[in-house]
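Since the structure comes first, as structure tokens, the remarks are kept for the end.
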Amino acid sequence: MKIILKETIENLGRAGNVVDVKDGFARNYLIPKKLAVKATEGNIKHIEIIKKKGVEKEAKDRAHAMAQAEILNNLILTISKKVGEEGKLFGSVTERDIFEKIQEETEIAIDKRRIILKESFRYIGEYVVDIRLYPEVEAHVKIRIVDETGKEWLELEPWRKEMEEEKVEEKKEVEEKEEVKKEED
């Protein structure tokens, strides 16, 4: 089904674009949520108006996202968790934990699906989390995970360095295997 987008939708198109989508997606989601209209002759004439509004809204949304990114980039969140031996957490820090802490500290409304965790955080320490606020606008929030009992884990630093060195060595081994494989091909 050909439709005209009324708003910019990530991975689909910009406001005012005529796109071809599956009938069910258009009938059950896009049209009822007023994100799109059917591409009829009358509606196609209104594309220019929709595009103009879409460009204005996109500029406003982008500016808002950039302002939020500036706030989030300067933010350091401290999350307290139960910790076992060697600073290992019981469980892990999830997108939900980070989302709730951002809400609590800044009252910035973001979608928790926009929080990008490259790996699960299973140890105390400092990490950086990426948050995609808008296409091509990302924030980098510093997360500090601490023991909820307040115990200091200063003796962990040498242990953590050893763990990071092991990861680097594993990565080098994988790269060397890939090079050998390429040479064999």
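By order of appearance in the structure tokens: chains A, B, ..., then residues from 1 within every chain, and ligands from 1 in the order shown.
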Quiz item: range 10-147 of chain A: which residues are strand (DSSP E or B) by DSSP, as a PyMOL selection string?
Solution: chain A and resi 13+18-20+36-38+76-81+83+88-93+115-116+121-123+125-134+137-147
Mind writing the picked residues with N, CA and C atoms as a short mmCIF file (atom, residue, chain, number, x, y, z; two decimals), in the first residue's frame?
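File written: part.cif
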data_model
loop_
_atom_site.label_atom_id
_atom_site.label_comp_id
_atom_site.auth_asym_id
_atom_site.auth_seq_id
_atom_site.Cartn_x
_atom_site.Cartn_y
_atom_site.Cartn_z
N GLY A 13 11.02 6.59 6.69
CA GLY A 13 11.13 7.76 5.83
C GLY A 13 10.84 9.05 6.56
N VAL A 18 6.41 9.59 0.05
CA VAL A 18 5.47 8.55 -0.34
C VAL A 18 6.25 7.25 -0.27
N VAL A 19 5.78 6.32 0.58
CA VAL A 19 6.47 5.05 0.74
C VAL A 19 5.49 3.90 0.54
N ASP A 20 6.05 2.76 0.21
CA ASP A 20 5.25 1.56 0.01
C ASP A 20 5.47 0.65 1.21
N ALA A 36 0.42 8.52 9.10
CA ALA A 36 0.42 8.47 7.64
C ALA A 36 -1.02 8.51 7.13
N VAL A 37 -1.14 8.83 5.84
CA VAL A 37 -2.43 8.77 5.15
C VAL A 37 -2.24 8.01 3.85
N LYS A 38 -3.34 7.50 3.29
CA LYS A 38 -3.26 6.80 2.01
C LYS A 38 -2.81 7.78 0.93
N ILE A 76 26.63 12.48 35.50
CA ILE A 76 27.24 11.27 36.02
C ILE A 76 26.22 10.63 36.96
N LEU A 77 25.72 9.47 36.57
CA LEU A 77 24.72 8.77 37.37
C LEU A 77 25.39 7.75 38.28
N THR A 78 24.99 7.71 39.53
CA THR A 78 25.50 6.72 40.47
C THR A 78 24.39 5.74 40.78
N ILE A 79 24.65 4.47 40.48
CA ILE A 79 23.67 3.42 40.70
C ILE A 79 24.22 2.46 41.75
N SER A 80 23.46 2.25 42.82
CA SER A 80 23.88 1.34 43.90
C SER A 80 23.26 -0.03 43.67
N LYS A 81 24.09 -1.06 43.80
CA LYS A 81 23.63 -2.44 43.62
C LYS A 81 24.28 -3.33 44.67
N VAL A 83 26.57 -6.23 45.79
CA VAL A 83 27.82 -6.69 45.18
C VAL A 83 28.33 -7.91 45.94
N LYS A 88 31.66 -8.21 41.79
CA LYS A 88 30.67 -8.69 40.82
C LYS A 88 29.27 -8.44 41.37
N LEU A 89 28.41 -7.88 40.52
CA LEU A 89 27.05 -7.54 40.93
C LEU A 89 26.17 -8.79 41.00
N PHE A 90 25.18 -8.75 41.87
CA PHE A 90 24.12 -9.76 41.85
C PHE A 90 23.14 -9.27 40.79
N GLY A 91 23.16 -9.90 39.64
CA GLY A 91 22.37 -9.41 38.52
C GLY A 91 23.22 -8.48 37.68
N SER A 92 22.60 -7.53 37.03
CA SER A 92 23.34 -6.57 36.23
C SER A 92 22.56 -5.27 36.18
N VAL A 93 23.22 -4.24 35.66
CA VAL A 93 22.56 -2.95 35.46
C VAL A 93 21.94 -2.99 34.08
N ILE A 115 18.20 3.67 24.89
CA ILE A 115 19.43 3.46 25.65
C ILE A 115 20.15 2.26 25.05
N ILE A 116 21.40 2.47 24.66
CA ILE A 116 22.15 1.44 23.96
C ILE A 116 23.24 0.90 24.88
N PHE A 121 26.44 -4.67 32.33
CA PHE A 121 27.37 -4.25 33.37
C PHE A 121 27.20 -5.18 34.56
N ARG A 122 28.22 -5.99 34.81
CA ARG A 122 28.14 -7.00 35.86
C ARG A 122 29.14 -6.73 36.99
N TYR A 123 29.91 -5.66 36.88
CA TYR A 123 30.90 -5.33 37.90
C TYR A 123 30.75 -3.87 38.29
N GLY A 125 32.07 -0.12 38.94
CA GLY A 125 33.02 0.67 38.17
C GLY A 125 32.32 1.77 37.42
N GLU A 126 33.07 2.39 36.51
CA GLU A 126 32.52 3.48 35.70
C GLU A 126 32.40 3.02 34.26
N TYR A 127 31.28 3.37 33.66
CA TYR A 127 30.99 2.99 32.29
C TYR A 127 30.40 4.18 31.56
N VAL A 128 30.37 4.10 30.23
CA VAL A 128 29.72 5.12 29.42
C VAL A 128 28.61 4.44 28.64
N VAL A 129 27.42 5.05 28.67
CA VAL A 129 26.25 4.51 27.99
C VAL A 129 25.83 5.50 26.91
N ASP A 130 25.56 4.98 25.72
CA ASP A 130 25.08 5.82 24.62
C ASP A 130 23.56 5.84 24.62
N ILE A 131 23.00 7.02 24.36
CA ILE A 131 21.56 7.17 24.26
C ILE A 131 21.27 7.87 22.94
N ARG A 132 20.52 7.20 22.06
CA ARG A 132 20.16 7.80 20.78
C ARG A 132 18.87 8.60 20.98
N LEU A 133 19.02 9.92 21.02
CA LEU A 133 17.88 10.79 21.27
C LEU A 133 17.11 11.11 20.00
N TYR A 134 17.81 11.16 18.88
CA TYR A 134 17.22 11.52 17.60
C TYR A 134 18.19 11.01 16.55
N VAL A 137 21.78 12.24 16.64
CA VAL A 137 21.99 12.97 17.90
C VAL A 137 22.07 11.93 19.02
N GLU A 138 23.27 11.79 19.59
CA GLU A 138 23.47 10.84 20.67
C GLU A 138 24.04 11.55 21.88
N ALA A 139 23.71 11.01 23.04
CA ALA A 139 24.27 11.49 24.30
C ALA A 139 25.10 10.36 24.89
N HIS A 140 26.12 10.72 25.64
CA HIS A 140 26.99 9.74 26.27
C HIS A 140 26.96 10.01 27.78
N VAL A 141 26.26 9.16 28.50
CA VAL A 141 26.07 9.35 29.94
C VAL A 141 27.07 8.48 30.69
N LYS A 142 27.71 9.06 31.69
CA LYS A 142 28.64 8.30 32.52
C LYS A 142 27.85 7.65 33.65
N ILE A 143 28.08 6.37 33.82
CA ILE A 143 27.41 5.59 34.86
C ILE A 143 28.46 5.11 35.85
N ARG A 144 28.21 5.34 37.11
CA ARG A 144 29.10 4.86 38.16
C ARG A 144 28.31 3.85 38.99
N ILE A 145 28.74 2.59 38.97
CA ILE A 145 28.06 1.54 39.72
C ILE A 145 28.85 1.31 41.00
N VAL A 146 28.15 1.41 42.14
CA VAL A 146 28.80 1.28 43.44
C VAL A 146 28.09 0.22 44.28
N ASP A 147 28.79 -0.23 45.31
CA ASP A 147 28.23 -1.19 46.26
C ASP A 147 27.23 -0.45 47.15
#
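Within 9 Å of Gly16 in chain A, once only C-alpha atoms are used and residues closer than 2 positions along the same chain are dropped, the contacting residues are Ile4, Leu5, Lys6, Glu7, Thr8, Gly13, Arg14, Val18, Ala36, His46, Ile47, Glu48, Ile49, Ile50, Lys51, Lys52, Lys53 and Gly54 of chain A.
The residue that comes closest to Phe99 in chain A, out of A:Thr40, A:Asp111, A:Lys45, A:Glu176 and on the basis of only C-alpha atoms, is A:Asp111.
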Practice problem: Write out as an MDAnalysis selection string all residues of range 14-83 of chain A that backbone DSSP assigns to helix (DSSP H, G or I). | Solution: chainID A and resid 23:30 41:45 47:73
Output file for the residues above (C-alpha atoms, as an mmCIF file, in the first residue's frame):
data_model
loop_
_atom_site.group_PDB
_atom_site.id
_atom_site.type_symbol
_atom_site.label_atom_id
_atom_site.label_comp_id
_atom_site.auth_asym_id
_atom_site.auth_seq_id
_atom_site.Cartn_x
_atom_site.Cartn_y
_atom_site.Cartn_z
ATOM 1 C CA ASP A 23 -1.149 -3.256 4.007
ATOM 2 C CA GLY A 24 -1.477 -4.473 7.603
ATOM 3 C CA PHE A 25 1.245 -2.123 8.874
ATOM 4 C CA ALA A 26 -0.508 0.832 7.245
ATOM 5 C CA ARG A 27 -4.068 -0.107 8.281
ATOM 6 C CA ASN A 28 -3.280 -1.290 11.810
ATOM 7 C CA TYR A 29 -0.532 1.069 12.913
ATOM 8 C CA LEU A 30 0.407 4.042 10.734
ATOM 9 C CA GLU A 41 -4.536 12.026 -5.725
ATOM 10 C CA GLY A 42 -6.003 14.532 -3.282
ATOM 11 C CA ASN A 43 -3.534 13.637 -0.569
ATOM 12 C CA ILE A 44 -0.582 13.750 -2.943
ATOM 13 C CA LYS A 45 -1.409 17.420 -3.627
ATOM 14 C CA ILE A 47 2.512 16.562 0.197
ATOM 15 C CA GLU A 48 4.219 19.942 0.014
ATOM 16 C CA ILE A 49 2.315 21.267 3.032
ATOM 17 C CA ILE A 50 3.086 18.122 4.997
ATOM 18 C CA LYS A 51 6.762 18.301 3.985
ATOM 19 C CA LYS A 52 6.986 21.912 5.128
ATOM 20 C CA LYS A 53 5.424 21.085 8.508
ATOM 21 C CA GLY A 54 7.630 18.005 8.773
ATOM 22 C CA VAL A 55 10.800 19.988 8.151
ATOM 23 C CA GLU A 56 9.786 22.562 10.770
ATOM 24 C CA LYS A 57 8.892 19.863 13.300
ATOM 25 C CA GLU A 58 12.108 17.976 12.570
ATOM 26 C CA ALA A 59 14.188 21.090 13.170
ATOM 27 C CA LYS A 60 12.368 21.732 16.450
ATOM 28 C CA ASP A 61 12.722 18.080 17.570
ATOM 29 C CA ARG A 62 16.399 18.028 16.605
ATOM 30 C CA ALA A 63 17.100 21.218 18.591
ATOM 31 C CA HIS A 64 15.250 19.753 21.587
ATOM 32 C CA ALA A 65 17.253 16.508 21.316
ATOM 33 C CA MET A 66 20.525 18.439 21.112
ATOM 34 C CA ALA A 67 19.620 20.395 24.258
ATOM 35 C CA GLN A 68 18.850 17.135 26.053
ATOM 36 C CA ALA A 69 22.118 15.621 24.802
ATOM 37 C CA GLU A 70 24.069 18.540 26.240
ATOM 38 C CA ILE A 71 22.493 17.962 29.661
ATOM 39 C CA LEU A 72 23.004 14.188 29.526
ATOM 40 C CA ASN A 73 26.629 14.462 28.360
#
